[in-house]
file work_2.cif (mmCIF, C-alpha atoms)
data_start
loop_
_atom_site.label_atom_id
_atom_site.label_comp_id
_atom_site.auth_asym_id
_atom_site.auth_seq_id
_atom_site.Cartn_x
_atom_site.Cartn_y
_atom_site.Cartn_z
CA MET A 28 14.94 9.88 30.90
CA ALA A 29 16.26 12.53 28.54
CA ASP A 30 15.08 16.13 28.38
CA ALA A 31 11.40 16.64 27.75
CA ALA A 32 10.22 17.15 24.18
CA PRO A 33 9.12 20.72 23.38
CA ALA A 34 5.35 21.07 23.64
CA GLY A 35 5.12 22.40 20.09
CA TRP A 36 6.32 19.10 18.66
CA LEU A 37 2.86 17.61 18.90
CA PRO A 38 -0.35 18.88 17.32
CA GLN A 39 -2.60 20.22 20.08
CA GLU A 40 -5.30 17.59 19.51
CA SER A 41 -2.75 14.78 19.67
CA ALA A 42 -1.12 16.19 22.79
CA GLU A 43 -4.48 16.48 24.57
CA LEU A 44 -5.40 12.91 23.60
CA LEU A 45 -2.06 11.59 24.83
CA ARG A 46 -2.41 13.51 28.10
CA SER A 47 -5.83 11.89 28.61
CA LEU A 48 -4.38 8.44 28.00
CA GLY A 49 -1.44 9.20 30.26
CA ALA A 50 -3.76 10.34 33.04
CA LEU A 51 -5.72 7.10 32.76
CA ALA A 52 -2.50 5.09 32.90
CA ALA A 53 -1.44 6.96 36.05
CA GLU A 54 -4.80 6.22 37.68
CA ARG A 55 -4.23 2.54 36.91
CA HIS A 56 -0.59 2.70 38.11
CA GLN A 57 0.70 1.81 34.65
CA GLY A 58 3.59 3.37 32.77
CA ALA A 59 2.60 4.71 29.34
CA TRP A 60 4.65 5.99 26.40
CA LEU A 61 4.36 7.16 22.84
CA VAL A 62 6.79 4.89 21.02
CA GLY A 63 8.61 4.09 17.79
CA GLY A 64 8.22 6.01 14.54
CA PRO A 65 6.17 8.87 15.98
CA VAL A 66 8.92 9.62 18.52
CA ARG A 67 11.58 9.38 15.82
CA ASP A 68 9.70 11.90 13.69
CA LEU A 69 9.18 14.23 16.64
CA VAL A 70 12.89 14.18 17.48
CA LEU A 71 13.58 14.98 13.83
CA GLY A 72 11.22 17.96 14.21
CA MET A 73 8.85 16.58 11.59
CA GLY A 74 5.68 16.40 13.67
CA THR A 75 3.49 13.32 13.65
CA VAL A 76 -0.13 12.27 13.33
CA ASP A 77 0.53 8.60 14.16
CA LEU A 78 -0.22 7.65 17.74
CA ASP A 79 1.40 4.38 18.88
CA VAL A 80 1.11 3.97 22.64
CA VAL A 81 2.68 1.28 24.83
CA VAL A 82 1.61 0.63 28.40
CA GLU A 83 3.25 -1.58 30.98
CA GLY A 84 0.84 -4.18 32.31
CA ASP A 85 -2.38 -5.29 30.65
CA GLY A 86 -2.66 -3.24 27.46
CA LEU A 87 -5.95 -4.80 26.39
CA ALA A 88 -7.67 -3.94 29.67
CA PHE A 89 -6.24 -0.42 29.40
CA ALA A 90 -7.56 -0.10 25.83
CA ARG A 91 -11.05 -1.18 26.87
CA ARG A 92 -11.10 1.35 29.71
CA ALA A 93 -9.74 4.07 27.43
CA ALA A 94 -12.45 3.31 24.88
CA GLU A 95 -15.13 3.76 27.54
CA ARG A 96 -13.68 7.08 28.69
CA LEU A 97 -13.15 8.46 25.18
CA GLY A 98 -16.30 7.08 23.59
CA ALA A 99 -14.17 5.17 21.12
CA GLY A 100 -14.53 1.86 19.35
CA VAL A 101 -11.94 -0.79 20.15
CA GLN A 102 -10.57 -3.69 18.11
CA GLU A 103 -8.49 -6.19 20.09
CA TYR A 104 -5.69 -8.47 18.87
CA PRO A 105 -5.13 -10.77 21.87
CA LYS A 106 -2.39 -12.88 20.24
CA PHE A 107 -0.13 -9.83 20.09
CA HIS A 108 -1.47 -8.04 23.20
CA THR A 109 -2.49 -5.04 21.09
CA ALA A 110 -5.65 -3.07 20.33
CA THR A 111 -6.74 -0.17 18.14
CA LEU A 112 -8.97 2.64 19.34
CA THR A 113 -11.09 4.53 16.82
CA LEU A 114 -12.40 7.81 18.21
CA PRO A 115 -15.63 9.48 17.07
CA ASP A 116 -13.62 11.84 14.82
CA LEU A 117 -11.96 8.72 13.29
CA THR A 118 -8.62 9.38 14.97
CA ARG A 119 -6.88 6.04 15.50
CA VAL A 120 -4.64 5.12 18.41
CA ASP A 121 -2.74 1.85 18.54
CA ILE A 122 -2.40 0.53 22.11
CA ALA A 123 0.10 -2.23 22.89
CA THR A 124 1.22 -4.05 25.99
CA ALA A 125 4.94 -3.52 26.59
CA ARG A 126 6.28 -6.89 25.57
CA LEU A 127 9.24 -9.12 24.95
CA GLU A 128 9.44 -11.09 21.71
CA THR A 129 11.15 -14.42 21.09
CA TYR A 130 11.44 -16.03 17.68
CA PRO A 131 10.83 -19.80 17.56
CA ARG A 132 12.73 -19.99 14.26
CA ALA A 133 14.25 -17.66 11.68
CA ALA A 134 11.78 -15.36 9.88
CA ALA A 135 8.83 -16.66 11.94
CA LEU A 136 6.28 -14.50 13.69
CA PRO A 137 7.37 -13.97 17.29
CA ASP A 138 5.99 -15.30 20.53
CA VAL A 139 5.21 -12.38 22.84
CA VAL A 140 4.97 -12.00 26.61
CA PRO A 141 4.41 -8.85 28.70
CA ALA A 142 7.63 -7.12 29.77
CA PRO A 143 8.99 -3.75 30.98
CA ILE A 144 9.34 -0.85 28.54
CA GLY A 145 13.11 -1.40 28.19
CA ASP A 146 12.55 -4.90 26.78
CA ASP A 147 9.84 -3.55 24.51
CA LEU A 148 12.21 -1.01 23.01
CA ARG A 149 14.96 -3.59 22.59
CA ARG A 150 12.75 -5.79 20.41
CA ARG A 151 12.43 -3.05 17.78
CA ASP A 152 14.17 -2.84 14.43
CA PHE A 153 16.58 0.14 14.63
CA THR A 154 17.86 2.39 17.37
CA VAL A 155 16.11 5.39 15.80
CA ASN A 156 12.80 3.57 16.30
CA ALA A 157 13.63 2.44 19.84
CA MET A 158 12.83 5.67 21.64
CA ALA A 159 9.79 6.42 23.79
CA MET A 160 8.14 9.59 25.08
CA ALA A 161 6.43 9.44 28.45
CA ILE A 162 2.77 10.51 28.45
CA THR A 163 1.91 10.16 32.15
CA PRO A 164 1.32 13.52 33.90
CA ALA A 165 4.44 13.49 36.08
CA ASP A 166 6.90 13.29 33.17
CA PHE A 167 4.89 14.04 30.04
CA GLY A 168 7.23 14.63 27.08
CA ALA A 169 10.35 13.09 28.62
CA ILE A 170 12.27 10.99 26.10
CA LEU A 171 13.50 7.50 26.96
CA ASP A 172 16.41 6.61 24.67
CA PRO A 173 18.37 3.65 26.06
CA TYR A 174 20.02 2.65 22.77
CA GLY A 175 21.27 5.96 21.43
CA GLY A 176 18.56 6.56 18.85
CA ALA A 177 18.82 10.36 19.06
CA ALA A 178 22.56 10.23 18.41
CA ASP A 179 22.01 7.97 15.41
CA LEU A 180 19.36 10.36 14.10
CA ALA A 181 21.82 13.23 14.38
CA ALA A 182 24.44 11.16 12.54
CA GLN A 183 21.88 10.03 9.91
CA ARG A 184 22.73 6.46 10.79
CA LEU A 185 20.67 3.26 10.87
CA ALA A 186 21.76 0.65 13.39
CA ILE A 187 20.08 -2.59 14.42
CA LEU A 188 19.79 -3.32 18.13
CA HIS A 189 21.33 -6.81 18.20
CA PRO A 190 23.31 -9.05 15.80
CA LYS A 191 20.44 -11.48 15.12
CA SER A 192 17.96 -8.75 14.18
CA PHE A 193 17.80 -9.53 10.44
CA LEU A 194 17.85 -13.28 11.08
CA ASP A 195 14.91 -12.98 13.44
CA ASP A 196 12.96 -10.78 11.04
CA PRO A 197 14.27 -10.24 7.48
CA THR A 198 11.46 -7.78 6.73
CA ARG A 199 13.60 -5.32 8.70
CA ILE A 200 15.90 -5.23 5.68
CA LEU A 201 13.11 -3.80 3.53
CA ARG A 202 12.21 -1.37 6.28
CA MET A 203 15.86 -0.27 6.38
CA ALA A 204 15.67 0.55 2.67
CA ARG A 205 12.48 2.56 3.25
CA PHE A 206 13.98 4.58 6.10
CA ALA A 207 17.31 5.06 4.31
CA ALA A 208 15.54 6.38 1.22
CA ARG A 209 13.02 8.49 3.13
CA PHE A 210 15.50 10.21 5.44
CA GLY A 211 18.77 9.92 3.53
CA PHE A 212 20.27 7.69 6.25
CA THR A 213 23.03 5.09 5.87
CA PRO A 214 23.42 1.72 7.66
CA ASP A 215 26.37 1.67 10.02
CA ALA A 216 29.22 -0.80 9.46
CA GLY A 217 27.89 -3.39 11.89
CA THR A 218 24.41 -3.30 10.37
CA ALA A 219 25.83 -3.62 6.84
CA ALA A 220 27.85 -6.65 7.96
CA ARG A 221 24.78 -8.27 9.50
CA LEU A 222 22.89 -7.62 6.25
CA ALA A 223 25.54 -9.50 4.26
CA GLU A 224 25.43 -12.29 6.81
CA ALA A 225 21.65 -12.57 6.54
CA LEU A 226 21.77 -12.71 2.74
CA GLY A 227 24.48 -15.35 2.93
CA SER A 228 22.21 -17.49 5.10
CA ARG A 229 19.38 -17.24 2.50
CA ILE A 230 17.13 -15.87 5.21
CA PHE A 231 14.44 -14.77 2.75
CA ASP A 232 13.85 -18.42 1.82
CA PHE A 233 12.16 -18.76 5.20
CA LEU A 234 9.93 -15.69 4.87
CA SER A 235 6.31 -16.25 3.90
CA GLY A 236 4.97 -14.77 0.70
CA ASP A 237 2.33 -12.84 2.61
CA ARG A 238 4.87 -11.03 4.78
CA LEU A 239 7.20 -10.35 1.84
CA ARG A 240 4.29 -8.96 -0.19
CA GLU A 241 3.20 -6.71 2.67
CA GLU A 242 6.67 -5.20 3.02
CA ILE A 243 7.16 -4.74 -0.74
CA PHE A 244 3.80 -2.97 -0.88
CA HIS A 245 4.92 -0.74 2.00
CA VAL A 246 7.92 0.23 -0.14
CA LEU A 247 5.64 0.92 -3.11
CA HIS A 248 3.52 3.23 -0.94
CA GLU A 249 6.55 5.35 0.00
CA ALA A 250 6.68 8.87 -1.42
CA GLU A 251 9.71 7.89 -3.53
CA PRO A 252 9.74 4.08 -3.83
CA ALA A 253 12.32 4.08 -6.63
CA ALA A 254 14.99 5.27 -4.22
CA ALA A 255 14.24 2.42 -1.80
CA PHE A 256 14.26 -0.17 -4.58
CA GLY A 257 17.52 1.29 -5.82
CA LEU A 258 19.06 0.70 -2.40
CA LEU A 259 17.69 -2.85 -2.27
CA ALA A 260 19.27 -3.47 -5.66
CA ALA A 261 22.60 -1.96 -4.59
CA TRP A 262 22.64 -4.08 -1.42
CA GLY A 263 22.02 -7.26 -3.43
CA VAL A 264 18.60 -7.78 -1.85
CA LEU A 265 16.28 -7.15 -4.81
CA PRO A 266 17.56 -10.03 -6.98
CA VAL A 267 16.96 -12.33 -4.02
CA ILE A 268 13.44 -11.27 -3.08
CA LEU A 269 12.08 -10.30 -6.51
CA PRO A 270 14.26 -11.33 -9.47
CA ALA A 271 11.66 -10.00 -11.93
CA ALA A 272 12.13 -6.43 -10.64
CA ARG A 273 13.85 -4.04 -13.05
CA PRO A 274 13.87 -0.56 -11.47
CA ASP A 275 15.43 1.20 -14.46
CA GLY A 276 16.00 4.92 -14.82
CA ALA A 277 12.41 5.52 -15.89
CA PHE A 278 10.88 3.79 -12.88
CA ALA A 279 10.90 6.83 -10.58
CA THR A 280 9.07 8.96 -13.14
CA GLU A 281 6.63 6.18 -13.97
CA VAL A 282 5.70 5.61 -10.34
CA GLU A 283 5.21 9.34 -9.82
CA GLN A 284 2.85 9.41 -12.81
CA MET A 285 1.01 6.39 -11.45
CA LYS A 286 0.44 8.08 -8.10
CA HIS A 287 -1.13 11.06 -9.89
CA LEU A 288 -3.36 8.76 -11.94
CA VAL A 289 -4.59 6.98 -8.85
CA ALA A 290 -6.01 10.30 -7.68
CA VAL A 291 -7.83 11.24 -10.88
CA VAL A 292 -9.12 8.01 -12.41
CA GLU A 293 -12.50 6.69 -11.30
CA LYS A 294 -11.50 3.46 -9.59
CA GLY A 295 -14.72 1.49 -9.77
CA GLY A 296 -14.35 -1.94 -8.19
CA ALA A 297 -11.78 -3.16 -5.74
CA TRP A 298 -8.17 -2.85 -6.91
CA ASP A 299 -4.80 -2.07 -5.42
CA PRO A 300 -2.63 0.91 -6.45
CA ALA A 301 0.42 -0.98 -5.15
CA VAL A 302 -0.20 -3.69 -7.76
CA ALA A 303 -0.27 -1.01 -10.46
CA CYS A 304 3.17 0.18 -9.33
CA LEU A 305 4.38 -3.43 -9.09
CA LEU A 306 3.46 -3.87 -12.76
CA LEU A 307 5.85 -1.06 -13.64
CA LEU A 308 8.57 -2.61 -11.51
CA VAL A 309 8.47 -5.96 -13.35
CA ARG A 310 7.37 -4.88 -16.81
CA HIS A 311 10.76 -5.60 -18.42
CA ALA A 312 10.82 -9.19 -17.16
CA GLY A 313 9.65 -12.25 -19.07
CA ALA A 314 6.32 -13.96 -18.55
CA ASP A 315 7.83 -16.83 -16.55
CA GLU A 316 9.65 -14.45 -14.20
CA VAL A 317 6.49 -12.41 -13.68
CA ALA A 318 4.48 -15.55 -12.94
CA GLU A 319 7.08 -16.62 -10.39
CA ALA A 320 6.95 -13.18 -8.75
CA ALA A 321 3.18 -13.48 -8.41
CA ARG A 322 3.59 -16.93 -6.87
CA ARG A 323 6.35 -15.82 -4.48
CA LEU A 324 4.29 -12.87 -3.25
CA ASN A 325 1.19 -15.05 -2.90
CA LEU A 326 -0.87 -12.48 -4.78
CA SER A 327 -4.64 -12.74 -4.83
CA PRO A 328 -6.16 -14.05 -8.11
CA PRO A 329 -7.16 -10.52 -9.26
CA ALA A 330 -3.70 -9.13 -8.48
CA ARG A 331 -2.06 -12.11 -10.18
CA ALA A 332 -4.17 -11.53 -13.28
CA ALA A 333 -3.15 -7.86 -13.32
CA LEU A 334 0.55 -8.61 -12.85
CA GLY A 335 0.42 -11.17 -15.67
CA ARG A 336 -0.17 -8.28 -18.07
CA ALA A 337 3.21 -6.73 -17.26
CA PRO A 338 5.20 -8.22 -20.20
CA THR A 339 2.56 -7.00 -22.70
CA LEU A 340 2.22 -3.40 -21.49
CA GLU A 341 4.29 -1.78 -24.23
CA ALA A 342 2.71 -3.83 -27.02
CA THR A 343 -0.76 -2.94 -25.74
CA ALA A 344 0.24 0.72 -25.50
CA ARG A 345 1.18 0.63 -29.19
CA ARG A 346 -2.25 -0.83 -30.02
CA VAL A 347 -3.87 2.03 -28.13
CA GLU A 348 -1.74 4.59 -29.96
CA ALA A 349 -2.70 3.06 -33.33
CA ALA A 350 -6.45 2.80 -32.61
CA ALA A 351 -8.47 4.93 -35.01
CA ARG A 352 -11.76 4.85 -33.12
CA THR A 353 -12.74 5.09 -29.47
CA SER A 354 -14.71 1.86 -29.80
CA ALA A 355 -11.42 0.11 -30.54
CA LEU A 356 -10.20 1.18 -27.10
CA ARG A 357 -13.13 -0.67 -25.56
CA THR A 358 -12.00 -3.83 -27.34
CA ILE A 359 -8.43 -3.38 -26.13
CA ALA A 360 -9.53 -2.75 -22.54
CA ALA A 361 -12.02 -5.64 -22.38
CA GLY A 362 -11.15 -7.96 -19.50
CA VAL A 363 -7.98 -6.05 -18.57
CA PRO A 364 -7.64 -5.22 -14.84
CA LEU A 365 -7.57 -1.52 -13.99
CA GLU A 366 -4.02 -1.73 -12.61
CA ALA A 367 -2.83 -2.79 -16.07
CA LEU A 368 -4.95 -0.17 -17.84
CA LEU A 369 -3.28 2.54 -15.77
CA ALA A 370 0.18 1.07 -16.35
CA ILE A 371 -0.48 1.11 -20.10
CA LEU A 372 -1.15 4.85 -19.87
CA VAL A 373 2.11 5.40 -18.01
CA VAL A 374 4.26 3.64 -20.64
CA MET A 375 2.59 5.32 -23.64
CA ASN A 376 4.51 7.92 -25.64
CA GLY A 377 2.22 10.12 -27.77
CA GLU A 378 0.49 12.86 -25.78
CA LYS A 379 -2.63 12.79 -27.97
CA ALA A 380 -3.00 9.06 -27.53
CA ARG A 381 -2.36 9.37 -23.81
CA GLU A 382 -5.08 12.00 -23.46
CA ARG A 383 -7.57 9.89 -25.39
CA TRP A 384 -6.77 6.77 -23.33
CA LEU A 385 -7.09 8.73 -20.09
CA ASN A 386 -10.45 10.14 -21.17
CA PHE A 387 -11.58 6.63 -22.02
CA LEU A 388 -10.52 5.33 -18.61
CA ARG A 389 -12.30 8.16 -16.83
CA THR A 390 -15.56 8.16 -18.78
CA GLY A 391 -15.72 5.73 -21.69
CA ARG A 392 -14.75 2.67 -19.67
CA GLY A 393 -17.96 2.89 -17.66
CA ALA A 394 -20.21 4.03 -20.50
CA HIS A 395 -23.32 2.12 -21.52
CA PRO A 396 -26.17 2.66 -23.97
CA GLU A 397 -29.30 4.41 -22.79
CA LEU A 398 -31.39 1.62 -24.29
CA THR A 399 -31.63 -1.58 -22.29
CA GLY A 400 -32.48 -5.16 -23.11
CA ASP A 401 -36.03 -4.47 -22.00
CA ASP A 402 -36.22 -1.58 -24.44
CA LEU A 403 -35.11 -3.86 -27.26
CA LEU A 404 -37.71 -6.44 -26.27
CA ALA A 405 -40.33 -3.69 -26.39
CA MET A 406 -39.13 -2.85 -29.91
CA GLY A 407 -39.92 -6.40 -30.99
CA PHE A 408 -36.64 -8.24 -30.60
CA ALA A 409 -36.74 -11.65 -28.94
CA ALA A 410 -34.72 -12.54 -25.86
CA GLY A 411 -31.41 -14.22 -26.55
CA PRO A 412 -27.73 -13.60 -27.32
CA GLY A 413 -28.65 -11.31 -30.17
CA LEU A 414 -29.67 -8.61 -27.68
CA LYS A 415 -26.10 -8.37 -26.38
CA ARG A 416 -24.82 -8.00 -29.91
CA ILE A 417 -27.13 -5.04 -30.46
CA LEU A 418 -26.22 -3.44 -27.13
CA ASP A 419 -22.50 -3.84 -27.88
CA ALA A 420 -22.99 -2.20 -31.26
CA LEU A 421 -24.91 0.63 -29.60
CA LEU A 422 -22.11 1.16 -27.10
CA ASP A 423 -19.52 1.33 -29.87
CA ALA A 424 -21.70 3.83 -31.75
CA LYS A 425 -22.03 5.94 -28.60
CA LEU A 426 -18.26 5.91 -27.98
CA ASP A 427 -17.62 6.90 -31.60
CA GLY A 428 -20.12 9.78 -31.45
CA GLU A 429 -22.69 8.16 -33.72
CA ALA A 430 -25.51 7.74 -31.19
CA GLN A 431 -25.47 10.40 -28.48
CA SER A 432 -29.06 10.24 -27.24
CA ARG A 433 -31.81 7.74 -26.62
CA LYS A 434 -33.60 8.87 -29.78
CA ALA A 435 -30.38 8.48 -31.77
CA GLU A 436 -29.90 4.99 -30.36
CA GLU A 437 -33.41 3.96 -31.38
CA ALA A 438 -32.74 5.26 -34.87
CA TYR A 439 -29.41 3.41 -34.98
CA VAL A 440 -31.10 0.13 -34.04
CA ARG A 441 -33.81 0.54 -36.67
CA GLU A 442 -31.23 1.41 -39.31
CA HIS A 443 -28.81 -1.42 -38.58
CA PHE A 444 -30.95 -4.15 -37.09
CA SER A 445 -34.48 -3.54 -38.44
CA PRO A 446 -37.01 -4.70 -39.10
CA PRO A 447 -37.29 -6.80 -35.91
CA HIS A 448 -39.20 -10.01 -36.48
CA GLY A 449 -39.46 -11.15 -32.88
CA GLU A 450 -36.32 -13.31 -33.23
CA ALA A 451 -32.94 -12.63 -31.64
CA LEU A 452 -30.14 -11.98 -34.07
CA SER A 453 -27.53 -14.70 -34.23
#
call {"tool": "encode", "arguments": {"input": "work_2.cif", "output": "structure tokens"}}
result
Amino acid sequence: MADAAPAGWLPQESAELLRSLGALAAERHQGAWLVGGPVRDLVLGMGTVDLDVVVEGDGLAFARRAAERLGAGVQEYPKFHTATLTLPDLTRVDIATARLETYPRAAALPDVVPAPIGDDLRRRDFTVNAMAMAITPADFGAILDPYGGAADLAAQRLAILHPKSFLDDPTRILRMARFAARFGFTPDAGTAARLAEALGSRIFDFLSGDRLREEIFHVLHEAEPAAAFGLLAAWGVLPVILPAARPDGAFATEVEQMKHLVAVVEKGGAWDPAVACLLLLVRHAGADEVAEAARRLNLSPPARAALGRAPTLEATARRVEAAARTSALRTIAAGVPLEALLAILVVMNGEKARERWLNFLRTGRGAHPELTGDDLLAMGFAAGPGLKRILDALLDAKLDGEAQSRKAEEAYVREHFSPPHGEALS
């Protein structure tokens, strides 16, 4: 054990929660540690809100007992000997059994068996993530660092723990790009050599689309994803995992703009901000390359439909800029996934057009006439497809400022579609 971590490294609420879990572990004669990224961040003096706890022995039984004591909900994942506690204040704690992992084949999910904490740390990706902080009462705050993670942090160095690390799990290569970009770290010589070796073995050919997509989306959710993608490109990884990606000089600015938009635009139905950023990453590629990227990442049908718009973003942006009426924006946006609508805004040039498109996305996109089909029936129109034609015309009039009230809509209908004869318009 290394020196104890200063008490101020942890928020008070987190420290008290960890002390409670450590006390429970001591009662059950189990070792317990805060592990991985949270410890790395604490050693860097960054503070942490993530709570990843490993216990020696039966982690699932420990999690159930902890849930009872803390009044928390518990979700178990028996295959991986892990569980997640959700406390009444919505604080989440991941609980895992200290375990050893073996890989039945390259890039496969591992088989896991319970093991001592030393084996658990050795299975991790980089030395800087292979540290643990004891949380049991006798040695609370003591740092366990068997692989020199603290020294590598001080040297701003990323080092894998064993030569087969990337072959066992190539997603670690994407994680290395994330950590290198986030902290300004550099892979050591041995790690760089193992990276070249893994690429030479075409290791990503064995990685499932689901796992590759998850890791790419993790990169997209980084504070500065362009830096990580730049590293992946420089290392020769990006052309292998996503040939359609073109992180040009504008990508960093575009992604930053997208992150701001995500916060201000009414999202409506289910969608994924990572897909919106992915659109920007591949927008300079051809349609065939984009389709292959969607296939390789095993995107859901909605995400695939959104990504398919990538090659047309700039042409659509020019249509928006040239539109004379707000109702024309509704026509342009019809059937286009929100991820693509946001990406169109990002690639537009004229500020006036950008402001109008943003206003449309925030308010006009969800607009509807005050009159309904029932109202039209009451006015004498017959049921049928003609009602939709009238409602669409009303919506366009509303968007263009020609019918701003229910009374104005009624007048608009009488002027343009009267007199009703009880038959739907064709």
call {"tool": "atom_distance", "arguments": {"input": "work_2.cif", "atom1": "CA of Ser354 in chain A", "atom2": "CA of Lys425 in chain A"}}
result
8.5 Å
call {"tool": "residues_around", "arguments": {"input": "work_2.cif", "residues": "Leu148 in chain A", "least_positions_apart": "2", "cutoff": "8 Å", "atoms": "all atoms listed in the file", "output": "number ranges by chain"}}
result
A: 144-146, 150-151, 157-159
call {"tool": "atom_distance", "arguments": {"input": "work_2.cif", "atom1": "CA of Phe256 in chain A", "atom2": "CA of Gly276 in chain A"}}
result
11.6 Å
call {"tool": "residues_around", "arguments": {"input": "work_2.cif", "residues": "range 387-394 of chain A", "least_positions_apart": "3", "cutoff": "10 Å", "atoms": "only C-alpha atoms", "output": "ChimeraX atom specification"}}
result
/A:291-295,353-354,356-357,360-361,365,368-369,372,381-384,397,422-423,425-426
call {"tool": "resolve_selection", "arguments": {"input": "work_2.cif", "expression": "the PyMOL selection byres ((chain A and resi 140) around 12)", "output": "list in words"}}
result
Glu83, Gly84, Asp85, Gly86, Pro105, Lys106, Phe107, His108, Thr109, Ala123, Thr124, Ala125, Arg126, Leu127, Glu128, Thr129, Tyr130, Pro137, Asp138, Val139, Pro141, Ala142, Pro143, Asp146, Asp147 and Arg150 of chain A
call {"tool": "resolve_selection", "arguments": {"input": "work_2.cif", "expression": "the PyMOL selection byres ((chain A and resi 374) around 8)", "output": "JSON, numbers by chain"}}
result
{"A": [281, 340, 341, 344, 370, 371, 372, 373, 375, 376]}
call {"tool": "closest_residue", "arguments": {"input": "work_2.cif", "among": "A:Leu201, A:Val101, A:Ala135, A:Ile187", "to": "Arg119 in chain A", "atoms": "only C-alpha atoms"}}
result
A:Val101
call {"tool": "atom_distance", "arguments": {"input": "work_2.cif", "atom1": "CA of Ala342 in chain A", "atom2": "CA of Ala420 in chain A"}}
result
26.1 Å
call {"tool": "resolve_selection", "arguments": {"input": "work_2.cif", "expression": "the PyMOL selection byres ((chain A and resi 324) around 10)", "output": "ChimeraX atom specification"}}
result
/A:235-241,243,268-269,319-323,325-327,331
call {"tool": "residues_around", "arguments": {"input": "work_2.cif", "residues": "Gly335 in chain A", "least_positions_apart": "3", "cutoff": "8 Å", "atoms": "only C-alpha atoms", "output": "ChimeraX atom specification"}}
result
/A:314,317-318,331-332,338
call {"tool": "residues_near_point", "arguments": {"input": "work_2.cif", "point": "(3.4, 13.9, 32.9)", "cutoff": "12 Å", "atoms": "only C-alpha atoms", "output": "list in words"}}
result
Ala31, Ala32, Ala34, Ala42, Glu43, Leu45, Arg46, Ser47, Leu48, Gly49, Ala50, Leu51, Ala52, Ala53, Gly58, Ala59, Trp60, Met160, Ala161, Ile162, Thr163, Pro164, Ala165, Asp166, Phe167, Gly168, Ala169 and Ile170 of chain A
call {"tool": "closest_residue", "arguments": {"input": "work_2.cif", "among": "A:Gly217, A:Gly362, A:Gly72, A:Gly400", "to": "Ala177 in chain A", "atoms": "all atoms listed in the file"}}
result
A:Gly72
call {"tool": "axis_aligned_box", "arguments": {"input": "work_2.cif", "around": "range 332-351 of chain A", "padding_each_side": "3 Å", "output": "lines of an AutoDock Vina configuration file"}}
result
center_x = -1.6
center_y = -3.3
center_z = -23.9
size_x = 19.7
size_y = 22.5
size_z = 28.2
call {"tool": "decode", "arguments": {"input": "work_2.cif", "residues": "range 107-118 of chain A", "atoms": "N, CA and C atoms", "output": "compact mmCIF listing (two decimals), in the first residue's frame"}}
result
# COMPACT_ATOMS: atom_id res chain seq x y z
N PHE A 107 -21.15 -11.08 -15.35
CA PHE A 107 -19.89 -10.37 -15.13
C PHE A 107 -19.61 -10.13 -13.65
N HIS A 108 -20.42 -10.73 -12.76
CA HIS A 108 -20.22 -10.61 -11.32
C HIS A 108 -20.24 -9.14 -10.87
N THR A 109 -21.14 -8.36 -11.46
CA THR A 109 -21.22 -6.94 -11.13
C THR A 109 -22.66 -6.56 -10.80
N ALA A 110 -22.81 -5.40 -10.17
CA ALA A 110 -24.13 -4.87 -9.84
C ALA A 110 -24.03 -3.34 -9.76
N THR A 111 -25.17 -2.68 -9.90
CA THR A 111 -25.23 -1.23 -9.76
C THR A 111 -26.24 -0.87 -8.69
N LEU A 112 -25.79 -0.08 -7.73
CA LEU A 112 -26.69 0.44 -6.70
C LEU A 112 -27.18 1.82 -7.13
N THR A 113 -28.46 2.08 -6.92
CA THR A 113 -29.01 3.42 -7.15
C THR A 113 -29.62 3.89 -5.84
N LEU A 114 -29.01 4.89 -5.23
CA LEU A 114 -29.47 5.39 -3.94
C LEU A 114 -30.68 6.29 -4.10
N PRO A 115 -31.39 6.56 -3.00
CA PRO A 115 -32.58 7.42 -3.09
C PRO A 115 -32.31 8.78 -3.73
N ASP A 116 -31.09 9.32 -3.56
CA ASP A 116 -30.78 10.62 -4.17
C ASP A 116 -30.27 10.46 -5.60
N LEU A 117 -30.38 9.24 -6.15
CA LEU A 117 -30.00 8.87 -7.51
C LEU A 117 -28.49 8.72 -7.70
N THR A 118 -27.71 8.82 -6.63
CA THR A 118 -26.30 8.48 -6.71
C THR A 118 -26.17 7.02 -7.13
